[in-house]
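Visitor: File name protein.cif; file contents mmCIF, C-alpha atoms; full text below.
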data_structure
#
loop_
_atom_site.label_atom_id
_atom_site.label_comp_id
_atom_site.auth_asym_id
_atom_site.auth_seq_id
_atom_site.Cartn_x
_atom_site.Cartn_y
_atom_site.Cartn_z
CA MET O 182 -64.41 29.07 60.99
CA ASN O 183 -63.59 32.11 58.89
CA ALA O 184 -60.75 31.30 56.53
CA GLU O 185 -60.03 34.94 55.67
CA VAL O 186 -56.35 35.55 56.19
CA ASP O 187 -54.63 38.81 56.97
CA ALA O 188 -51.28 38.67 55.21
CA GLY O 189 -49.81 41.05 57.75
CA GLN O 190 -50.71 39.05 60.83
CA SER O 191 -47.94 37.88 63.11
CA VAL O 192 -49.06 34.24 63.33
CA PRO O 193 -46.15 31.96 62.29
CA PRO O 194 -46.59 30.44 58.80
CA LEU O 195 -48.09 26.99 58.45
CA ILE O 196 -45.83 26.36 55.46
CA GLU O 197 -42.61 28.07 54.41
CA LEU O 198 -40.26 27.36 51.53
CA ILE O 199 -36.92 29.16 51.92
CA GLY O 200 -34.57 29.22 48.94
CA VAL O 201 -35.70 25.77 47.84
CA THR O 202 -33.94 24.15 44.91
CA LYS O 203 -34.45 20.69 43.45
CA THR O 204 -32.02 19.06 41.04
CA TYR O 205 -32.49 15.66 39.41
CA GLY O 206 -29.43 13.86 38.09
CA GLU O 207 -25.82 15.03 38.01
CA GLY O 208 -23.33 16.67 35.71
CA ALA O 209 -24.28 17.41 32.12
CA VAL O 210 -27.65 15.64 32.43
CA ALA O 211 -28.69 17.42 35.65
CA LEU O 212 -32.16 18.98 35.56
CA GLN O 213 -32.83 21.86 37.92
CA ALA O 214 -36.57 21.71 38.53
CA LEU O 215 -36.65 24.41 41.23
CA ARG O 216 -34.29 27.38 41.33
CA GLY O 217 -34.56 29.09 44.71
CA VAL O 218 -38.27 29.14 45.59
CA ASP O 219 -39.52 31.25 48.49
CA LEU O 220 -43.14 30.76 49.52
CA VAL O 221 -45.16 31.40 52.68
CA VAL O 222 -48.63 29.92 53.27
CA ARG O 223 -50.60 30.72 56.40
CA GLU O 224 -53.28 28.67 58.14
CA GLY O 225 -56.60 28.83 56.32
CA GLU O 226 -55.38 30.11 52.97
CA PHE O 227 -56.59 28.80 49.61
CA VAL O 228 -53.72 28.96 47.11
CA ALA O 229 -53.88 27.97 43.45
CA ILE O 230 -50.53 27.00 41.91
CA MET O 231 -50.26 27.49 38.16
CA GLY O 232 -47.60 27.36 35.47
CA PRO O 233 -46.75 25.70 32.15
CA SER O 234 -45.49 22.15 31.87
CA GLY O 235 -41.98 21.93 33.27
CA SER O 236 -42.36 25.07 35.38
CA GLY O 237 -41.68 23.25 38.65
CA LYS O 238 -45.16 23.38 40.14
CA SER O 239 -45.50 19.60 40.45
CA THR O 240 -42.03 19.31 41.99
CA ALA O 241 -42.98 21.99 44.50
CA MET O 242 -46.18 20.10 45.36
CA ASN O 243 -44.21 16.88 45.89
CA ILE O 244 -42.00 18.70 48.37
CA LEU O 245 -44.98 20.36 50.08
CA GLY O 246 -46.62 16.94 50.36
CA CYS O 247 -43.51 15.44 52.01
CA LEU O 248 -43.12 13.07 49.07
CA ASP O 249 -39.70 14.56 48.24
CA VAL O 250 -37.14 16.85 49.88
CA PRO O 251 -35.25 19.90 48.58
CA THR O 252 -31.74 19.58 47.20
CA THR O 253 -30.90 22.82 48.99
CA GLY O 254 -32.93 25.29 51.00
CA SER O 255 -35.53 24.48 53.63
CA TYR O 256 -39.18 23.42 53.82
CA ARG O 257 -40.68 24.29 57.20
CA PHE O 258 -44.03 22.85 58.26
CA ARG O 259 -45.26 24.49 61.44
CA GLY O 260 -41.69 25.52 62.09
CA VAL O 261 -40.19 22.04 61.63
CA ALA O 262 -37.53 21.62 58.93
CA VAL O 263 -39.03 18.74 56.94
CA GLU O 264 -35.79 17.99 55.07
CA THR O 265 -34.19 16.98 58.40
CA LEU O 266 -36.84 14.32 59.07
CA SER O 267 -36.40 10.64 58.29
CA ARG O 268 -38.55 8.92 55.67
CA ASN O 269 -40.75 7.46 58.44
CA GLN O 270 -41.12 10.84 60.11
CA ARG O 271 -42.19 12.42 56.82
CA ALA O 272 -44.73 9.63 56.42
CA LEU O 273 -46.15 10.56 59.82
CA VAL O 274 -46.47 14.19 58.72
CA ARG O 275 -48.44 13.03 55.67
CA ARG O 276 -50.60 10.71 57.73
CA ASN O 277 -51.42 13.21 60.47
CA TYR O 278 -51.57 16.58 58.73
CA LEU O 279 -52.02 16.21 54.96
CA GLY O 280 -54.84 15.11 52.70
CA PHE O 281 -54.34 14.39 48.98
CA VAL O 282 -56.75 14.67 46.03
CA PHE O 283 -55.65 13.67 42.52
CA GLN O 284 -57.01 14.10 39.02
CA GLY O 285 -57.53 10.36 38.63
CA TYR O 286 -59.50 9.72 41.87
CA ASN O 287 -57.35 6.64 42.74
CA LEU O 288 -60.24 4.74 44.31
CA LEU O 289 -59.98 0.97 44.79
CA GLY O 290 -62.32 -0.56 42.24
CA ARG O 291 -63.53 -3.61 44.17
CA THR O 292 -64.36 -1.84 47.40
CA SER O 293 -67.26 0.40 48.40
CA ALA O 294 -67.11 4.16 48.79
CA LEU O 295 -67.21 3.68 52.56
CA GLU O 296 -64.26 1.26 52.50
CA ASN O 297 -62.27 3.59 50.25
CA VAL O 298 -62.78 6.49 52.63
CA GLU O 299 -61.83 4.32 55.62
CA LEU O 300 -58.39 3.47 54.21
CA PRO O 301 -56.37 6.27 55.87
CA LEU O 302 -57.89 5.33 59.22
CA LEU O 303 -57.07 1.67 58.62
CA TYR O 304 -53.41 2.66 58.19
CA ARG O 305 -53.65 4.53 61.47
CA GLY O 306 -54.87 1.41 63.23
CA GLU O 307 -58.28 2.81 64.19
CA SER O 308 -61.01 0.40 65.28
CA PRO O 309 -63.68 -0.68 62.78
CA ALA O 310 -66.38 1.25 64.65
CA THR O 311 -64.29 4.43 64.62
CA ARG O 312 -63.46 3.98 60.93
CA HIS O 313 -67.08 3.41 59.92
CA ALA O 314 -68.37 6.43 61.83
CA ALA O 315 -65.67 8.79 60.55
CA ALA O 316 -66.05 7.59 56.94
CA ARG O 317 -69.84 8.08 57.05
CA GLU O 318 -69.35 11.57 58.42
CA ALA O 319 -66.82 12.42 55.68
CA LEU O 320 -69.10 11.07 52.95
CA ALA O 321 -71.99 13.11 54.35
CA ALA O 322 -69.77 16.21 54.29
CA VAL O 323 -69.26 15.82 50.53
CA GLY O 324 -72.90 15.03 49.76
CA LEU O 325 -72.66 11.25 49.37
CA THR O 326 -75.03 10.08 52.09
CA GLY O 327 -76.79 6.99 50.73
CA TRP O 328 -73.91 6.07 48.44
CA GLU O 329 -71.72 4.42 51.07
CA HIS O 330 -72.01 0.89 49.69
CA HIS O 331 -71.67 1.70 46.00
CA SER O 332 -68.47 0.77 44.18
CA PRO O 333 -66.58 3.38 42.14
CA ALA O 334 -68.00 1.85 38.95
CA GLU O 335 -71.47 2.73 40.23
CA LEU O 336 -70.54 6.39 40.82
CA SER O 337 -70.31 9.22 38.32
CA GLY O 338 -67.02 11.03 37.81
CA GLY O 339 -68.12 13.85 40.08
CA GLN O 340 -69.22 11.38 42.75
CA GLN O 341 -65.92 9.53 42.53
CA GLN O 342 -64.03 12.79 43.08
CA ARG O 343 -66.31 13.57 46.03
CA ALA O 344 -65.46 10.17 47.50
CA ALA O 345 -61.76 10.91 46.93
CA ILE O 346 -62.16 14.23 48.77
CA ALA O 347 -63.97 12.45 51.61
CA ARG O 348 -61.01 10.07 51.86
CA ALA O 349 -58.66 13.06 52.01
CA ILE O 350 -60.56 14.83 54.81
CA VAL O 351 -61.52 11.81 56.94
CA THR O 352 -58.37 12.32 59.05
CA HIS O 353 -59.18 16.03 59.59
CA PRO O 354 -55.99 17.24 57.86
CA ALA O 355 -54.52 20.71 58.30
CA VAL O 356 -53.74 20.90 54.57
CA LEU O 357 -55.51 19.61 51.47
CA LEU O 358 -53.18 19.16 48.49
CA ALA O 359 -55.19 18.93 45.28
CA ASP O 360 -53.50 18.12 41.97
CA GLU O 361 -55.77 19.03 39.02
CA PRO O 362 -58.88 17.93 41.00
CA THR O 363 -61.25 18.86 38.16
CA GLY O 364 -59.08 17.65 35.27
CA ASN O 365 -61.34 14.70 34.41
CA LEU O 366 -64.68 16.45 34.91
CA ASP O 367 -67.06 18.46 32.76
CA THR O 368 -67.77 22.11 33.51
CA GLN O 369 -70.77 21.57 35.77
CA ARG O 370 -69.11 18.81 37.83
CA SER O 371 -65.94 20.92 38.03
CA ARG O 372 -67.88 23.80 39.53
CA GLU O 373 -69.52 21.48 42.04
CA ILE O 374 -66.14 20.12 43.15
CA MET O 375 -64.69 23.63 43.44
CA ASP O 376 -67.69 24.78 45.48
CA LEU O 377 -67.04 21.82 47.80
CA ILE O 378 -63.35 22.64 48.17
CA VAL O 379 -64.18 26.29 48.88
CA ALA O 380 -66.66 25.18 51.56
CA LEU O 381 -64.05 22.94 53.21
CA ASN O 382 -61.63 25.86 53.26
CA ARG O 383 -64.21 28.34 54.54
CA ASP O 384 -66.15 26.22 57.02
CA ARG O 385 -63.48 23.85 58.32
CA GLY O 386 -60.48 26.13 57.98
CA ILE O 387 -58.57 23.55 55.92
CA THR O 388 -55.63 25.14 54.12
CA VAL O 389 -55.86 24.31 50.40
CA LEU O 390 -52.98 24.12 47.92
CA MET O 391 -54.29 23.31 44.44
CA VAL O 392 -52.37 22.77 41.22
CA THR O 393 -54.43 23.64 38.16
CA HIS O 394 -53.89 24.77 34.58
CA GLU O 395 -57.46 26.09 34.32
CA PRO O 396 -57.88 29.83 35.02
CA ASP O 397 -61.60 29.30 35.73
CA MET O 398 -60.73 26.90 38.56
CA ALA O 399 -57.88 29.05 39.88
CA ALA O 400 -60.39 31.91 40.15
CA TYR O 401 -61.94 30.14 43.16
CA ALA O 402 -58.72 30.58 45.15
CA ARG O 403 -57.88 33.60 47.27
CA ARG O 404 -54.33 33.64 45.95
CA ILE O 405 -52.65 32.54 42.71
CA VAL O 406 -48.95 31.62 42.64
CA ARG O 407 -47.50 31.17 39.15
CA PHE O 408 -44.34 29.15 38.51
CA VAL O 409 -42.11 29.69 35.45
CA ASP O 410 -38.76 27.96 34.87
CA GLY O 411 -38.48 26.68 38.43
CA ARG O 412 -39.14 30.04 40.07
CA VAL O 413 -42.15 31.90 41.45
CA GLU O 414 -42.94 34.43 38.74
CA SER O 415 -45.93 36.04 40.47
CA ASP O 416 -47.92 35.76 43.70
CA ILE O 417 -51.25 37.57 43.50
CA ARG O 418 -54.03 37.83 46.08
CA GLN O 419 -57.55 37.96 44.69
CA PRO O 420 -59.91 40.37 46.50
CA GLU O 421 -62.98 38.65 45.08
CA PRO O 422 -62.56 34.88 44.49
CA ALA O 423 -65.20 33.23 42.31
#
Can the structure in the file be given as structure tokens, please?

Guide:
Amino acid sequence: MNAEVDAGQSVPPLIELIGVTKTYGEGAVALQALRGVDLVVREGEFVAIMGPSGSGKSTAMNILGCLDVPTTGSYRFRGVAVETLSRNQRALVRRNYLGFVFQGYNLLGRTSALENVELPLLYRGESPATRHAAAREALAAVGLTGWEHHSPAELSGGQQQRAAIARAIVTHPAVLLADEPTGNLDTQRSREIMDLIVALNRDRGITVLMVTHEPDMAAYARRIVRFVDGRVESDIRQPEPA
């Protein structure tokens, strides 16, 4: 699937933030993390989200990942106002449409790579045979064939992040939310992980939203959105991603 996106196309957005604010606390101690954010992401885009500490980018990602809701404004996922959903309904959105990759891998230490990748399918109630087959396929997709029965301690940092990505894509999500996915890796492993994420975006059409503070990693994205003081300061499309 070609992930190239025409910004002028008439296809409804996959994701839309409309005047989103987020305030923590009340009165004199209130902290306004987001101050009226508007953002549109279409199917198949690869967007890097950047900004200094405290800029609101992590708060925005929590809302996009259905882990939090706006104080005011609206978050629409495929046209559905997420803030109107119950906690259980938002959990279903995460389970069925979203995949998450974190800086710290978050693999279970006493289980194999295969068992770690199976976890989302276990929560879905899939049969063991279905889980095993899907997990093997996901591990193969990230280049870990032959490593299925190794524990995280037996994997390098790059391999652990590959296993974490396999876990994120085993459910065939529409969106991959990556929070500093190369933050714990050296330059060579970082490039390998970014090449993998680009391939998932290009070949599978997975929409990617990635928080990073590294310009070299953001250069892989087709679009860079920069947050400053709770607002979108700039939104730039890159004609030639890395």

Visitor: Starting from the displayed file, determine the output of the PyMOL selection byres ((chain O and resi 369-376) around 8) and express the residue list as number ranges by chain.

Guide: O: 339, 342-343, 362-363, 366-368, 377-380, 398, 401

Visitor: Determine, counting only C-alpha atoms, which protein, DNA and RNA residues have an atom within 7 Å of an atom of Phe283 in chain O; residues of the same chain fewer than 2 positions away are not included. Present the result as a PDB file with C-alpha atoms, in the frame of the given file.

Guide:
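Ended up saving to out22.pdb:
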ATOM      1  CA  PHE O 281     -54.340  14.390  48.980  1.00  0.00           C
ATOM      2  CA  GLY O 285     -57.530  10.360  38.630  1.00  0.00           C
ATOM      3  CA  TYR O 286     -59.500   9.720  41.870  1.00  0.00           C
ATOM      4  CA  ALA O 359     -55.190  18.930  45.280  1.00  0.00           C
ATOM      5  CA  ASP O 360     -53.500  18.120  41.970  1.00  0.00           C
ATOM      6  CA  GLU O 361     -55.770  19.030  39.020  1.00  0.00           C
ATOM      7  CA  PRO O 362     -58.880  17.930  41.000  1.00  0.00           C
TER       8      PRO O 362
END

Visitor: Within 7 Å of range 313-319 of chain O, counting only C-alpha atoms, which residues show up once you throw out same-chain ones fewer than 4 positions away? Write them as a ChimeraX atom specification, please.

Guide: /O:295,298-299,309,323,347,350-351

Visitor: Which one is closest to Glu307 in chain O: O:Ser239, O:Arg383, O:Gln213, O:Thr352? Count only C-alpha atoms.

Guide: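 Among the listed residues, the smallest separation from Glu307 in chain O belongs to O:Thr352.
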
Visitor: Just checking: using all atoms listed in the file, which residue out of O:Gln284, O:Thr292, O:Thr311, O:Gln419 ends up closest to Ala334 in chain O?

Guide: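 Closest to Ala334 in chain O of all the choices is O:Thr292.
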
Visitor: Have a look at CA of Gln341 in chain O and CA of Gly237 in chain O and let me know their distance in Å, one decimal.

Guide: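 These two atoms are separated by 28.1 Å.
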
Visitor: If I only want range 378-391 of chain O, can you write it with all heavy atoms, as a CSV table (one decimal), in the first residue's frame?

Guide:
chain,number,residue,atom,x,y,z
O,378,ILE,N,9.9,1.3,11.1
O,378,ILE,CA,8.7,2.1,11.3
O,378,ILE,C,8.3,2.7,9.9
O,378,ILE,O,7.1,2.7,9.6
O,378,ILE,CB,8.9,3.2,12.3
O,378,ILE,CG1,9.0,2.5,13.7
O,378,ILE,CG2,7.7,4.2,12.3
O,378,ILE,CD1,9.3,3.5,14.8
O,379,VAL,N,9.2,3.2,9.2
O,379,VAL,CA,8.9,3.7,7.8
O,379,VAL,C,8.3,2.6,6.9
O,379,VAL,O,7.4,2.8,6.2
O,379,VAL,CB,10.2,4.3,7.2
O,379,VAL,CG1,10.0,4.5,5.7
O,379,VAL,CG2,10.6,5.6,7.8
O,380,ALA,N,8.9,1.4,7.0
O,380,ALA,CA,8.4,0.3,6.2
O,380,ALA,C,7.0,-0.1,6.6
O,380,ALA,O,6.1,-0.4,5.8
O,380,ALA,CB,9.3,-0.9,6.4
O,381,LEU,N,6.7,-0.1,7.9
O,381,LEU,CA,5.3,-0.4,8.4
O,381,LEU,C,4.3,0.7,7.8
O,381,LEU,O,3.2,0.3,7.4
O,381,LEU,CB,5.3,-0.4,9.9
O,381,LEU,CG,6.0,-1.6,10.5
O,381,LEU,CD1,6.1,-1.4,12.1
O,381,LEU,CD2,5.3,-2.9,10.2
O,382,ASN,N,4.7,1.9,7.8
O,382,ASN,CA,3.9,3.0,7.3
O,382,ASN,C,3.7,2.8,5.8
O,382,ASN,O,2.6,2.9,5.3
O,382,ASN,CB,4.6,4.3,7.7
O,382,ASN,CG,3.9,5.5,7.0
O,382,ASN,OD1,4.5,6.1,6.1
O,382,ASN,ND2,2.7,5.9,7.4
O,383,ARG,N,4.8,2.6,5.1
O,383,ARG,CA,4.8,2.5,3.6
O,383,ARG,C,4.1,1.2,3.1
O,383,ARG,O,3.2,1.3,2.3
O,383,ARG,CB,6.2,2.6,3.1
O,383,ARG,CG,6.3,2.5,1.6
O,383,ARG,CD,7.7,2.3,1.2
O,383,ARG,NE,8.3,1.0,1.6
O,383,ARG,CZ,9.4,0.9,2.3
O,383,ARG,NH1,10.1,2.0,2.6
O,383,ARG,NH2,9.8,-0.3,2.7
O,384,ASP,N,4.4,0.1,3.7
O,384,ASP,CA,4.0,-1.2,3.1
O,384,ASP,C,2.6,-1.6,3.7
O,384,ASP,O,1.9,-2.3,3.0
O,384,ASP,CB,5.0,-2.3,3.4
O,384,ASP,CG,6.4,-1.9,2.7
O,384,ASP,OD1,6.3,-1.1,1.8
O,384,ASP,OD2,7.4,-2.4,3.2
O,385,ARG,N,2.3,-1.3,5.0
O,385,ARG,CA,1.1,-1.7,5.6
O,385,ARG,C,0.1,-0.6,5.7
O,385,ARG,O,-1.1,-0.8,6.1
O,385,ARG,CB,1.4,-2.3,7.0
O,385,ARG,CG,2.2,-3.6,6.9
O,385,ARG,CD,2.2,-4.3,8.3
O,385,ARG,NE,3.0,-5.5,8.2
O,385,ARG,CZ,2.8,-6.5,9.0
O,385,ARG,NH1,1.8,-6.5,10.0
O,385,ARG,NH2,3.5,-7.6,8.9
O,386,GLY,N,0.5,0.6,5.4
O,386,GLY,CA,-0.4,1.8,5.5
O,386,GLY,C,-0.8,2.1,6.9
O,386,GLY,O,-1.8,2.8,7.1
O,387,ILE,N,0.0,1.7,7.9
O,387,ILE,CA,-0.2,2.1,9.3
O,387,ILE,C,0.1,3.6,9.5
O,387,ILE,O,1.2,4.1,9.1
O,387,ILE,CB,0.6,1.3,10.2
O,387,ILE,CG1,0.2,-0.2,10.1
O,387,ILE,CG2,0.4,1.7,11.7
O,387,ILE,CD1,1.1,-1.1,11.0
O,388,THR,N,-0.9,4.3,10.0
O,388,THR,CA,-0.6,5.7,10.3
O,388,THR,C,0.3,5.8,11.5
O,388,THR,O,0.0,5.1,12.5
O,388,THR,CB,-2.0,6.4,10.6
O,388,THR,OG1,-2.8,6.3,9.5
O,388,THR,CG2,-1.8,7.9,10.9
O,389,VAL,N,1.3,6.6,11.5
O,389,VAL,CA,2.3,6.7,12.6
O,389,VAL,C,2.3,8.1,13.1
O,389,VAL,O,2.4,9.1,12.4
O,389,VAL,CB,3.7,6.4,12.1
O,389,VAL,CG1,4.7,6.5,13.2
O,389,VAL,CG2,3.8,4.9,11.5
O,390,LEU,N,2.2,8.2,14.5
O,390,LEU,CA,2.3,9.4,15.2
O,390,LEU,C,3.5,9.2,16.2
O,390,LEU,O,3.4,8.3,17.1
O,390,LEU,CB,1.1,9.8,16.0
O,390,LEU,CG,-0.2,10.1,15.1
O,390,LEU,CD1,-1.4,10.3,16.0
O,390,LEU,CD2,0.0,11.3,14.3
O,391,MET,N,4.6,9.9,16.1
O,391,MET,CA,5.8,9.7,16.8
O,391,MET,C,6.3,10.9,17.5
O,391,MET,O,6.5,11.9,16.9
O,391,MET,CB,6.9,9.2,15.9
O,391,MET,CG,8.2,8.9,16.6
O,391,MET,SD,9.5,8.4,15.4
O,391,MET,CE,9.9,10.0,14.6
